[in-house]
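Participant: Just so it is clear, I am handing over start_31.txt, which has compact mmCIF, C-alpha atoms.
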# COMPACT_ATOMS: atom_id res chain seq x y z
CA MET A 1 -124.66 -316.37 214.20
CA LYS A 2 -122.16 -313.66 213.22
CA VAL A 3 -120.66 -313.78 209.74
CA VAL A 4 -117.95 -311.43 208.46
CA ILE A 5 -118.07 -310.91 204.70
CA ALA A 6 -114.69 -309.81 203.28
CA PRO A 7 -114.34 -310.43 199.54
CA ASP A 8 -112.03 -308.99 196.92
CA LYS A 9 -113.48 -307.88 193.58
CA PHE A 10 -114.37 -310.35 190.84
CA LYS A 11 -112.11 -308.70 188.29
CA GLY A 12 -113.88 -307.61 185.14
CA SER A 13 -117.26 -308.38 186.68
CA LEU A 14 -118.08 -307.08 190.18
CA THR A 15 -116.53 -304.73 192.72
CA SER A 16 -115.83 -305.97 196.23
CA VAL A 17 -118.88 -303.97 197.40
CA GLU A 18 -121.14 -305.70 194.87
CA VAL A 19 -119.76 -309.12 195.80
CA ALA A 20 -120.27 -308.45 199.51
CA ASP A 21 -123.85 -307.26 198.94
CA ALA A 22 -124.69 -310.39 196.94
CA ILE A 23 -123.20 -312.62 199.66
CA GLU A 24 -125.21 -310.84 202.34
CA GLN A 25 -128.41 -311.18 200.32
CA GLY A 26 -127.80 -314.91 199.94
CA ILE A 27 -127.25 -315.33 203.68
CA LEU A 28 -130.30 -313.31 204.74
CA SER A 29 -132.58 -315.12 202.28
CA VAL A 30 -132.01 -318.27 204.35
CA ASN A 31 -131.23 -316.85 207.79
CA PRO A 32 -132.77 -313.37 208.24
CA LYS A 33 -131.55 -313.23 211.84
CA CYS A 34 -127.89 -313.72 210.93
CA GLN A 35 -125.64 -310.86 212.06
CA THR A 36 -123.48 -309.79 209.10
CA ARG A 37 -120.52 -307.40 208.91
CA LYS A 38 -119.26 -306.35 205.50
CA LEU A 39 -115.65 -305.40 204.87
CA TYR A 40 -113.96 -304.89 201.53
CA ILE A 41 -110.48 -306.05 200.68
CA ALA A 42 -107.78 -305.78 198.02
CA ASP A 43 -104.08 -306.55 197.80
CA GLY A 44 -102.65 -303.16 196.84
CA GLY A 45 -103.80 -303.34 193.22
CA ASP A 46 -106.86 -301.80 191.63
CA GLY A 47 -109.78 -301.69 194.01
CA THR A 48 -107.62 -300.95 197.05
CA MET A 49 -108.77 -297.36 197.46
CA GLU A 50 -112.47 -298.25 197.28
CA ALA A 51 -111.98 -301.20 199.64
CA ILE A 52 -110.45 -299.00 202.33
CA VAL A 53 -112.80 -296.05 201.86
CA ASN A 54 -115.92 -298.21 201.89
CA SER A 55 -114.75 -300.27 204.88
CA LEU A 56 -114.04 -297.13 206.92
CA ASN A 57 -117.00 -295.06 205.67
CA GLY A 58 -114.71 -292.47 204.13
CA SER A 59 -115.41 -289.99 201.34
CA MET A 60 -114.18 -289.45 197.80
CA VAL A 61 -112.53 -286.36 196.30
CA ILE A 62 -112.28 -285.60 192.59
CA ALA A 63 -109.30 -283.77 191.06
CA ASN A 64 -108.23 -282.90 187.51
CA VAL A 65 -104.84 -284.49 186.84
CA SER A 66 -102.72 -285.85 184.01
CA ASN A 67 -103.11 -289.41 182.78
CA PRO A 68 -99.99 -291.47 181.86
CA ILE A 69 -99.60 -289.71 178.51
CA GLY A 70 -100.47 -286.21 179.68
CA ARG A 71 -104.18 -285.95 178.94
CA THR A 72 -106.23 -284.19 181.61
CA ILE A 73 -108.67 -286.52 183.34
CA GLU A 74 -110.83 -286.58 186.44
CA ALA A 75 -109.35 -288.89 189.07
CA ARG A 76 -110.48 -289.77 192.57
CA TYR A 77 -108.84 -290.30 195.90
CA GLY A 78 -110.36 -291.11 199.26
CA ILE A 79 -110.21 -289.53 202.68
CA VAL A 80 -110.63 -291.65 205.82
CA ASN A 81 -110.49 -290.77 209.50
CA SER A 82 -110.62 -287.11 208.37
CA ASP A 83 -106.80 -286.91 208.15
CA THR A 84 -105.65 -289.65 205.77
CA ALA A 85 -105.73 -289.73 201.98
CA VAL A 86 -106.07 -293.06 200.21
CA ILE A 87 -104.66 -292.96 196.69
CA GLU A 88 -104.49 -295.62 194.02
CA VAL A 89 -101.78 -295.23 191.39
CA ALA A 90 -104.03 -296.88 188.81
CA THR A 91 -106.56 -294.04 189.15
CA ALA A 92 -104.27 -291.45 187.53
CA SER A 93 -101.38 -293.51 186.17
CA GLY A 94 -103.01 -296.84 185.42
CA LEU A 95 -102.69 -299.17 182.46
CA ALA A 96 -106.47 -299.31 182.06
CA LEU A 97 -106.50 -295.59 181.20
CA LEU A 98 -104.71 -296.23 177.90
CA SER A 99 -105.55 -298.02 174.69
CA ALA A 100 -103.21 -300.78 173.53
CA GLU A 101 -101.67 -298.40 170.99
CA GLU A 102 -100.93 -295.78 173.67
CA ARG A 103 -99.03 -298.10 176.00
CA ASN A 104 -95.28 -297.50 176.01
CA PRO A 105 -93.44 -297.44 179.35
CA LEU A 106 -90.59 -295.45 177.82
CA TYR A 107 -92.85 -292.42 177.76
CA THR A 108 -95.72 -293.00 180.19
CA THR A 109 -95.42 -291.05 183.42
CA SER A 110 -96.68 -291.22 187.00
CA PHE A 111 -96.94 -287.40 187.13
CA GLY A 112 -100.71 -287.52 187.65
CA THR A 113 -100.35 -289.54 190.86
CA GLY A 114 -98.05 -286.84 192.19
CA GLU A 115 -100.71 -284.28 191.30
CA LEU A 116 -103.23 -286.23 193.40
CA ILE A 117 -100.85 -286.18 196.37
CA LEU A 118 -100.29 -282.45 195.91
CA HIS A 119 -104.05 -281.82 195.70
CA ALA A 120 -104.62 -283.67 198.97
CA ILE A 121 -101.89 -281.61 200.66
CA GLU A 122 -102.82 -278.20 199.30
CA LYS A 123 -106.61 -278.48 199.12
CA LYS A 124 -107.38 -280.81 202.03
CA GLY A 125 -104.45 -280.31 204.42
CA ILE A 126 -103.65 -284.03 204.39
CA LYS A 127 -100.37 -285.27 205.86
CA LYS A 128 -100.97 -289.02 206.02
CA PHE A 129 -101.07 -291.06 202.84
CA ILE A 130 -101.93 -294.66 202.03
CA ILE A 131 -101.05 -295.45 198.43
CA GLY A 132 -101.91 -298.66 196.56
CA ILE A 133 -99.49 -298.98 193.69
CA GLY A 134 -100.77 -301.89 191.59
CA GLY A 135 -101.95 -301.56 188.00
CA SER A 136 -99.56 -298.84 186.85
CA ALA A 137 -98.84 -298.08 183.18
CA THR A 138 -95.40 -296.73 184.02
CA ASN A 139 -91.78 -297.75 184.49
CA ASP A 140 -90.47 -294.30 185.44
CA ALA A 141 -89.30 -295.14 188.98
CA ALA A 142 -91.67 -292.44 190.30
CA THR A 143 -89.71 -289.65 188.58
CA GLY A 144 -92.98 -288.33 187.16
CA LEU A 145 -94.75 -288.48 190.52
CA LEU A 146 -91.84 -286.82 192.29
CA SER A 147 -91.57 -284.12 189.62
CA ALA A 148 -95.15 -283.09 190.44
CA LEU A 149 -94.03 -282.63 194.06
CA GLY A 150 -91.13 -280.37 193.10
CA PHE A 151 -88.22 -282.76 192.63
CA VAL A 152 -86.04 -281.89 189.64
CA PHE A 153 -84.01 -284.56 187.87
CA ARG A 154 -81.04 -283.12 185.98
CA ASP A 155 -78.84 -284.46 183.19
CA SER A 156 -75.07 -284.11 182.84
CA SER A 157 -75.46 -280.50 181.67
CA GLY A 158 -77.64 -279.61 184.63
CA ASN A 159 -80.78 -279.40 182.52
CA PRO A 160 -84.04 -280.80 183.95
CA VAL A 161 -85.41 -283.95 182.30
CA THR A 162 -89.02 -285.07 182.15
CA GLY A 163 -89.93 -287.93 184.47
CA CYS A 164 -90.40 -291.01 182.27
CA GLY A 165 -88.73 -294.35 181.64
CA ALA A 166 -86.70 -293.19 178.65
CA ASN A 167 -85.01 -290.48 180.71
CA LEU A 168 -83.85 -292.61 183.63
CA GLU A 169 -80.55 -293.23 181.84
CA LYS A 170 -79.99 -289.46 181.48
CA ILE A 171 -80.38 -288.50 185.15
CA GLN A 172 -77.15 -287.45 186.85
CA SER A 173 -78.44 -285.58 189.90
CA ILE A 174 -81.53 -285.02 192.03
CA ASP A 175 -82.44 -281.48 193.04
CA GLU A 176 -84.80 -281.15 196.03
CA SER A 177 -84.57 -277.37 196.41
CA ASN A 178 -88.07 -276.80 194.99
CA VAL A 179 -89.84 -279.67 196.75
CA ASN A 180 -93.14 -278.66 198.35
CA GLU A 181 -92.27 -277.89 201.98
CA SER A 182 -95.26 -279.80 203.32
CA ILE A 183 -93.92 -283.06 201.87
CA HIS A 184 -91.39 -283.31 204.67
CA ASP A 185 -94.23 -283.38 207.23
CA CYS A 186 -96.10 -286.19 205.45
CA THR A 187 -96.02 -289.93 206.03
CA PHE A 188 -96.49 -292.46 203.25
CA THR A 189 -97.57 -296.08 203.57
CA ILE A 190 -97.24 -297.92 200.27
CA LEU A 191 -99.39 -301.02 199.68
CA CYS A 192 -97.60 -303.32 197.24
CA ASP A 193 -99.26 -306.16 195.35
CA VAL A 194 -96.00 -307.66 194.04
CA ASP A 195 -92.45 -308.02 195.37
CA ALA A 196 -90.07 -307.21 192.53
CA GLU A 197 -86.52 -305.95 192.63
CA PHE A 198 -85.67 -302.49 191.26
CA TYR A 199 -83.71 -303.89 188.31
CA GLY A 200 -82.28 -307.16 187.03
CA ALA A 201 -83.82 -310.52 186.13
CA ASN A 202 -86.43 -310.13 188.86
CA GLY A 203 -86.74 -306.38 188.42
CA ALA A 204 -89.60 -304.11 187.46
CA ALA A 205 -88.84 -303.90 183.74
CA ARG A 206 -87.98 -307.57 183.18
CA LEU A 207 -91.07 -308.80 185.00
CA PHE A 208 -93.77 -306.31 184.08
CA ALA A 209 -92.83 -303.89 181.30
CA ALA A 210 -94.04 -306.24 178.55
CA GLN A 211 -97.63 -306.03 179.80
CA LYS A 212 -97.26 -302.24 179.77
CA GLY A 213 -96.41 -302.24 176.05
CA ALA A 214 -92.64 -302.80 175.97
CA ASN A 215 -90.79 -304.98 173.46
CA ASP A 216 -87.51 -306.76 174.24
CA GLU A 217 -85.37 -303.79 173.21
CA THR A 218 -87.42 -301.42 175.35
CA ILE A 219 -87.27 -303.76 178.33
CA ALA A 220 -83.47 -303.92 178.12
CA ARG A 221 -83.26 -300.11 177.92
CA LEU A 222 -85.63 -299.63 180.85
CA ASP A 223 -83.74 -302.14 182.98
CA ALA A 224 -80.45 -300.38 182.26
CA GLY A 225 -82.09 -297.07 183.14
CA MET A 226 -83.39 -298.47 186.43
CA SER A 227 -79.91 -299.75 187.33
CA HIS A 228 -78.41 -296.34 186.51
CA PHE A 229 -81.06 -294.46 188.50
CA ALA A 230 -80.54 -296.79 191.48
CA ASN A 231 -76.91 -295.60 191.56
CA ILE A 232 -78.01 -291.97 191.40
CA ILE A 233 -80.41 -292.57 194.32
CA ARG A 234 -77.66 -294.27 196.33
CA ASN A 235 -75.29 -291.35 195.72
CA HIS A 236 -78.01 -288.90 196.77
CA THR A 237 -79.44 -290.72 199.80
CA ALA A 238 -76.97 -293.50 200.70
CA LYS A 239 -79.90 -295.92 200.34
CA SER A 240 -79.83 -299.07 198.19
CA VAL A 241 -83.19 -299.50 196.51
CA GLN A 242 -82.05 -302.80 195.00
CA ASN A 243 -81.82 -304.35 198.46
CA GLN A 244 -85.22 -303.07 199.61
CA SER A 245 -88.21 -305.43 199.41
CA TYR A 246 -90.99 -304.31 197.04
CA SER A 247 -88.72 -301.65 195.50
CA GLY A 248 -89.64 -302.64 191.94
CA ALA A 249 -93.40 -302.51 192.52
CA ALA A 250 -95.25 -300.29 190.01
CA GLY A 251 -92.23 -299.76 187.81
CA GLY A 252 -90.02 -298.66 190.68
CA ILE A 253 -92.48 -296.33 192.41
CA GLY A 254 -92.08 -298.37 195.60
CA GLY A 255 -88.31 -298.07 195.81
CA ALA A 256 -88.11 -294.42 194.82
CA LEU A 257 -90.73 -293.34 197.37
CA TRP A 258 -88.98 -295.37 200.05
CA ALA A 259 -85.66 -293.72 199.30
CA LEU A 260 -86.75 -290.16 198.60
CA LEU A 261 -89.89 -289.71 200.71
CA GLY A 262 -89.15 -292.10 203.55
CA ALA A 263 -92.18 -294.20 202.61
CA ARG A 264 -92.91 -297.50 204.31
CA LEU A 265 -93.41 -300.38 201.89
CA SER A 266 -95.78 -303.16 202.92
CA PRO A 267 -97.45 -306.22 201.39
CA GLY A 268 -100.86 -304.87 200.44
CA ILE A 269 -103.32 -307.33 201.93
CA TYR A 270 -101.75 -307.50 205.39
CA GLU A 271 -101.48 -303.74 205.70
CA LEU A 272 -105.05 -303.31 204.48
CA LEU A 273 -106.37 -305.76 207.07
CA LYS A 274 -104.72 -303.66 209.77
CA ILE A 275 -106.13 -300.45 208.33
CA ILE A 276 -109.71 -301.75 208.30
CA HIS A 277 -109.34 -303.32 211.79
CA PHE A 278 -110.07 -306.80 210.50
CA GLU A 279 -109.05 -308.58 213.70
CA ASP A 280 -111.51 -306.52 215.74
CA ALA A 281 -114.27 -307.11 213.19
CA ILE A 282 -114.02 -310.91 213.30
CA ARG A 283 -113.97 -311.16 217.08
CA GLY A 284 -116.89 -313.42 218.04
CA ALA A 285 -117.62 -314.39 214.43
CA SER A 286 -118.69 -317.91 213.51
CA LEU A 287 -117.51 -317.68 209.92
CA VAL A 288 -115.61 -315.49 207.47
CA ILE A 289 -116.56 -315.48 203.80
CA THR A 290 -114.04 -314.20 201.27
CA GLY A 291 -113.45 -314.73 197.58
CA GLU A 292 -112.33 -313.34 194.23
CA GLY A 293 -112.80 -314.07 190.55
CA ALA A 294 -110.43 -317.03 190.40
CA MET A 295 -108.36 -318.93 192.93
CA ASP A 296 -105.58 -321.48 192.55
CA ARG A 297 -102.13 -322.15 194.01
CA VAL A 298 -101.00 -318.67 192.91
CA SER A 299 -103.49 -317.25 195.40
CA LEU A 300 -101.19 -318.53 198.14
CA LEU A 301 -98.45 -316.10 197.07
CA GLY A 302 -100.13 -313.17 198.81
CA LYS A 303 -103.47 -312.59 197.15
CA ALA A 304 -106.21 -310.95 199.19
CA PRO A 305 -108.24 -314.06 200.19
CA TYR A 306 -104.99 -315.71 201.31
CA GLY A 307 -104.40 -312.91 203.77
CA VAL A 308 -107.99 -313.00 205.02
CA CYS A 309 -107.85 -316.74 205.63
CA GLY A 310 -104.53 -316.49 207.45
CA GLU A 311 -105.68 -313.71 209.76
CA ALA A 312 -109.00 -315.45 210.46
CA ALA A 313 -107.25 -318.74 211.23
CA TRP A 314 -104.95 -316.92 213.65
CA CYS A 315 -108.10 -315.79 215.48
CA GLY A 316 -109.69 -319.26 215.34
CA VAL A 317 -112.41 -318.37 212.84
CA PRO A 318 -113.00 -320.67 209.83
CA THR A 319 -112.99 -319.19 206.32
CA ILE A 320 -114.81 -320.23 203.19
CA ALA A 321 -114.30 -318.68 199.75
CA ILE A 322 -116.57 -318.22 196.78
CA VAL A 323 -115.00 -317.82 193.36
CA GLY A 324 -115.81 -317.66 189.69
CA SER A 325 -113.43 -320.55 189.07
CA VAL A 326 -111.10 -322.65 191.17
CA ALA A 327 -108.13 -324.96 190.70
CA ASP A 328 -105.84 -326.61 193.25
CA SER A 329 -108.68 -326.73 195.77
CA GLU A 330 -106.94 -329.40 197.85
CA MET A 331 -103.91 -327.13 198.23
CA LEU A 332 -106.18 -324.27 199.26
CA ASN A 333 -107.79 -326.54 201.85
CA GLU A 334 -104.36 -327.53 203.16
CA TYR A 335 -103.48 -323.89 203.62
CA GLY A 336 -106.57 -323.29 205.72
CA PHE A 337 -109.64 -322.61 203.61
CA LEU A 338 -112.46 -324.70 205.02
CA SER A 339 -114.08 -324.88 201.59
CA VAL A 340 -113.86 -323.11 198.24
CA PHE A 341 -117.05 -322.91 196.17
CA PRO A 342 -117.21 -322.02 192.47
CA ILE A 343 -120.43 -320.16 191.69
CA GLN A 344 -121.10 -321.35 188.14
CA SER A 345 -124.23 -323.46 187.77
CA GLY A 346 -123.10 -325.20 184.60
CA PRO A 347 -120.92 -324.93 181.48
CA THR A 348 -120.74 -321.37 180.18
CA ASP A 349 -118.53 -318.98 178.25
CA LEU A 350 -116.47 -316.24 179.91
CA THR A 351 -118.64 -313.40 178.64
CA SER A 352 -121.73 -314.92 180.23
CA ALA A 353 -119.89 -315.86 183.41
CA ILE A 354 -118.66 -312.34 184.12
CA ASP A 355 -121.92 -310.61 183.25
CA PRO A 356 -122.61 -308.64 186.44
CA THR A 357 -126.27 -309.57 186.72
CA THR A 358 -125.49 -313.25 186.21
CA ALA A 359 -122.55 -313.19 188.60
CA LYS A 360 -124.61 -311.58 191.37
CA ALA A 361 -127.38 -314.14 190.94
CA ASN A 362 -124.87 -316.99 191.02
CA ILE A 363 -123.29 -315.66 194.20
CA ARG A 364 -126.65 -315.30 195.93
CA ARG A 365 -127.70 -318.81 194.89
CA THR A 366 -124.42 -320.41 195.96
CA ILE A 367 -124.40 -318.69 199.35
CA ALA A 368 -128.04 -319.57 199.95
CA GLN A 369 -127.30 -323.25 199.31
CA ILE A 370 -124.30 -323.13 201.67
CA PHE A 371 -126.40 -321.58 204.43
CA ARG A 372 -129.22 -324.06 203.97
CA LEU A 373 -126.65 -326.69 204.88
CA LEU A 374 -125.29 -324.64 207.79
CA MET A 375 -128.83 -324.24 209.17
CA LEU A 376 -129.25 -328.01 209.61
CA LYS A 377 -129.96 -328.87 213.21
CA LYS A 378 -128.38 -331.85 214.86
CA PRO A 379 -130.90 -334.62 215.70
CA ASP A 380 -131.92 -334.92 219.34
Could I get this structure in the form of structure tokens?
Facilitator:
Amino acid sequence: MKVVIAPDKFKGSLTSVEVADAIEQGILSVNPKCQTRKLYIADGGDGTMEAIVNSLNGSMVIANVSNPIGRTIEARYGIVNSDTAVIEVATASGLALLSAEERNPLYTTSFGTGELILHAIEKKGIKKFIIGIGGSATNDAATGLLSALGFVFRDSSGNPVTGCGANLEKIQSIDESNVNESIHDCTFTILCDVDAEFYGANGAARLFAAQKGANDETIARLDAGMSHFANIIRNHTAKSVQNQSYSGAAGGIGGALWALLGARLSPGIYELLKIIHFEDAIRGASLVITGEGAMDRVSLLGKAPYGVCGEAAWCGVPTIAIVGSVADSEMLNEYGFLSVFPIQSGPTDLTSAIDPTTAKANIRRTIAQIFRLLMLKKPD
């Protein structure tokens, strides 16, 4: 029996690697001869870099960069296939790097992510980039990131302005004369975990700035700035970021990198499955096991297990999911999940449920019980 294990993280509790290890332990405790293959998945949000690097046996690089408010931090990026850097915006420019009091998307910047890109180019000779852009603390439309690469954004007097959300409304021109020459030889694949427009009711600021620390007045100002900057981009490149899918992802990082760096924007989970050669991995498998912390009907809007199940079904391999909690299980079954199993053994509070030691034990126990059932032999 061949089983492919491909879970997402259990957010706030276990990484995808830890979940996969616990699943494998549960399987082998019942069926030591089972052939297992572990892959790690994510949807473009936090955990994407580690999922790709671990699946492809890559390596990690540490660099000193700026966090969203300018403090120097150590941040990591991965290298896979010796020639490709895997970067996660959340590592240098993520919301989790700031306290609640420090969160303000008018002034947070994606500059540190640009520094990671520059480090990979200058120190490692990298020309191919995979960038997961979920979990950002910014709404600067990548002006910070691009500033680190040499782009200069100028106001009506020709003076450079700092790349942040508050300054989007001031930008009147884009100067590329100082852009690092190697940038033009690089390719960028952007893994997006949400599909938001650049501005407007379904735009980056209206949908996500509140969780980054913005009040209603700030959201309105950011949205107006995004609309203004979209016009500046169109005048500079003849490209309409508003009409490009995923352009509003990560506070406009998606759209700006598409327009100014020629980046390719892609729904995170489907691109990741290609990158880790998921279809090849499940060839000949009897079962795929995926999962994440919680699943419900929202999971069908593009979450990682949704993508795994769809790809496995296309190849004729059934998928089961293990989760911390589940709702809408019948809808999940209708989509294609053979079964969805919550791992809790009884009533509990959230703190106890997400305790890593407890969660691992619950996963192992649940998987062992599933495989005891799968090991039943048909009567003669």
Participant: Hey, which of A:Leu287, A:Leu145, A:Cys315, A:Leu301 ends up closest to Cys164 (chain A)? Count all atoms listed in the file.
Facilitator: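 Of A:Leu287, A:Leu145, A:Cys315, A:Leu301, the one nearest Cys164 (chain A) is A:Leu145, counting all atoms listed in the file.
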Participant: So, with all atoms listed in the file as the atoms that count, which of A:Val53, A:Leu168, A:Ile174, A:Ile232 lies closest to Gly150 (chain A)?
Facilitator: A:Ile174
Participant: So that I can see what lies close to Gln369 (chain A), please list as a VMD selection string the residues with an atom at most 12 Å from it, counting all atoms listed in the file and leaving out residues fewer than 4 positions away in the same chain.
Facilitator: chain A and resid 23 26 to 31 341 343 345 362 to 365 373 to 376
Participant: I'd like the contact shell of Ala201 (chain A) - 12 Å cut-off, only C-alpha atoms, skipping same-chain residues fewer than 3 positions apart - returned as a PyMOL selection string.
Facilitator: chain A and resi 196-198+204-208+219-220+223-224+227+242+248
Participant: Would you mind exporting C-alpha atoms of the selected residues as a PDB file, keeping the file's coordinate frame?
Facilitator:
ATOM      1  CA  ALA A 196     -90.070-307.210 192.530  1.00  0.00           C
ATOM      2  CA  GLU A 197     -86.520-305.950 192.630  1.00  0.00           C
ATOM      3  CA  PHE A 198     -85.670-302.490 191.260  1.00  0.00           C
ATOM      4  CA  ALA A 204     -89.600-304.110 187.460  1.00  0.00           C
ATOM      5  CA  ALA A 205     -88.840-303.900 183.740  1.00  0.00           C
ATOM      6  CA  ARG A 206     -87.980-307.570 183.180  1.00  0.00           C
ATOM      7  CA  LEU A 207     -91.070-308.800 185.000  1.00  0.00           C
ATOM      8  CA  PHE A 208     -93.770-306.310 184.080  1.00  0.00           C
ATOM      9  CA  ILE A 219     -87.270-303.760 178.330  1.00  0.00           C
ATOM     10  CA  ALA A 220     -83.470-303.920 178.120  1.00  0.00           C
ATOM     11  CA  ASP A 223     -83.740-302.140 182.980  1.00  0.00           C
ATOM     12  CA  ALA A 224     -80.450-300.380 182.260  1.00  0.00           C
ATOM     13  CA  SER A 227     -79.910-299.750 187.330  1.00  0.00           C
ATOM     14  CA  GLN A 242     -82.050-302.800 195.000  1.00  0.00           C
ATOM     15  CA  GLY A 248     -89.640-302.640 191.940  1.00  0.00           C
TER      16      GLY A 248
END
Participant: Which is closest to Ala90 (chain A) among A:Asn180, A:Ser339, A:Thr113, A:Thr366, if we use all atoms listed in the file?
Facilitator: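 Under the stated criterion, the closest residue is A:Thr113.
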Participant: Please, what distance in Å, to one decimal, runs between CA of Leu98 (chain A) and CA of Met226 (chain A)?
Facilitator: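 Distance between the two atoms: 23.1 Å.
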Participant: From the list A:Ala20, A:Leu300, A:Ala294, A:Ile367, which residue is nearest Ser325 (chain A) when using all atoms listed in the file?
Facilitator: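 Among the listed residues, the smallest separation from Ser325 (chain A) belongs to A:Ala294.
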Participant: Rounded to one decimal, what separation in Å do you get between CA of Val65 (chain A) and CA of Thr237 (chain A)?
Facilitator: 29.2 Å
Participant: One decimal, in Å: what's the spacing between CA of Ile41 (chain A) and CA of Pro68 (chain A)?
Facilitator: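 So the answer is 26.0 Å.
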Participant: Quick one: everything within 9 Å of Asp46 (chain A), counting only C-alpha atoms, minus sequence neighbours fewer than 6 positions away in the same chain. Send it as a list of chain:residue names.
Facilitator: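 These residues fall inside the cut-off: A:Glu88, A:Val89, A:Ala90, A:Thr91, A:Gly94, A:Gly132, A:Ile133, A:Gly134, A:Gly135.
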Participant: Give me, as a list in words, all polymer residues having an atom no more than 12 Å from Met331 (chain A), counting all atoms listed in the file and skipping those fewer than 3 positions away in the same chain.
Facilitator: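 That gives Met295, Asp296, Arg297, Val298, Ser299, Leu300, Tyr306, Val326, Ala327, Asp328, Glu334, Tyr335, Gly336, Phe337, Leu338, Ser339 and Val340 of chain A.
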Participant: Do you know which residues are at most 9 Å from Ala209 (chain A) counting all atoms listed in the file, after dropping those on the same chain fewer than 2 positions away, and could you put them as a list in words?
Facilitator: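 So the residues in contact are Asn104, Pro105, Ala137, Thr138, Asn139, Ala204, Ala205, Arg206, Leu207, Gln211, Lys212, Gly213, Ala214, Asn215, Thr218, Ile219, Leu222 and Gly251 of chain A.
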Participant: Ranking A:Glu74, A:Asp280, A:Asp8, A:Asp185 by minimum distance to Leu261 (chain A) and counting all atoms listed in the file, which one comes first?
Facilitator: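 Comparing A:Glu74, A:Asp280, A:Asp8, A:Asp185 against Leu261 (chain A), the winner is A:Asp185.
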Participant: Check the smallest atom-to-atom distance from each of A:Ala353, A:Ile126, A:Cys186, A:Val317 to Val80 (chain A) using all atoms listed in the file, then report the winner.
Facilitator: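 Under the stated criterion, the closest residue is A:Ile126.
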Participant: Would you list the residues near (-86.0, -287.9, 198.5), meaning any protein, DNA or RNA residue with an atom at most 12 Å from that point in file coordinates, counting all atoms listed in the file, as a count of residues only?
Facilitator: 37
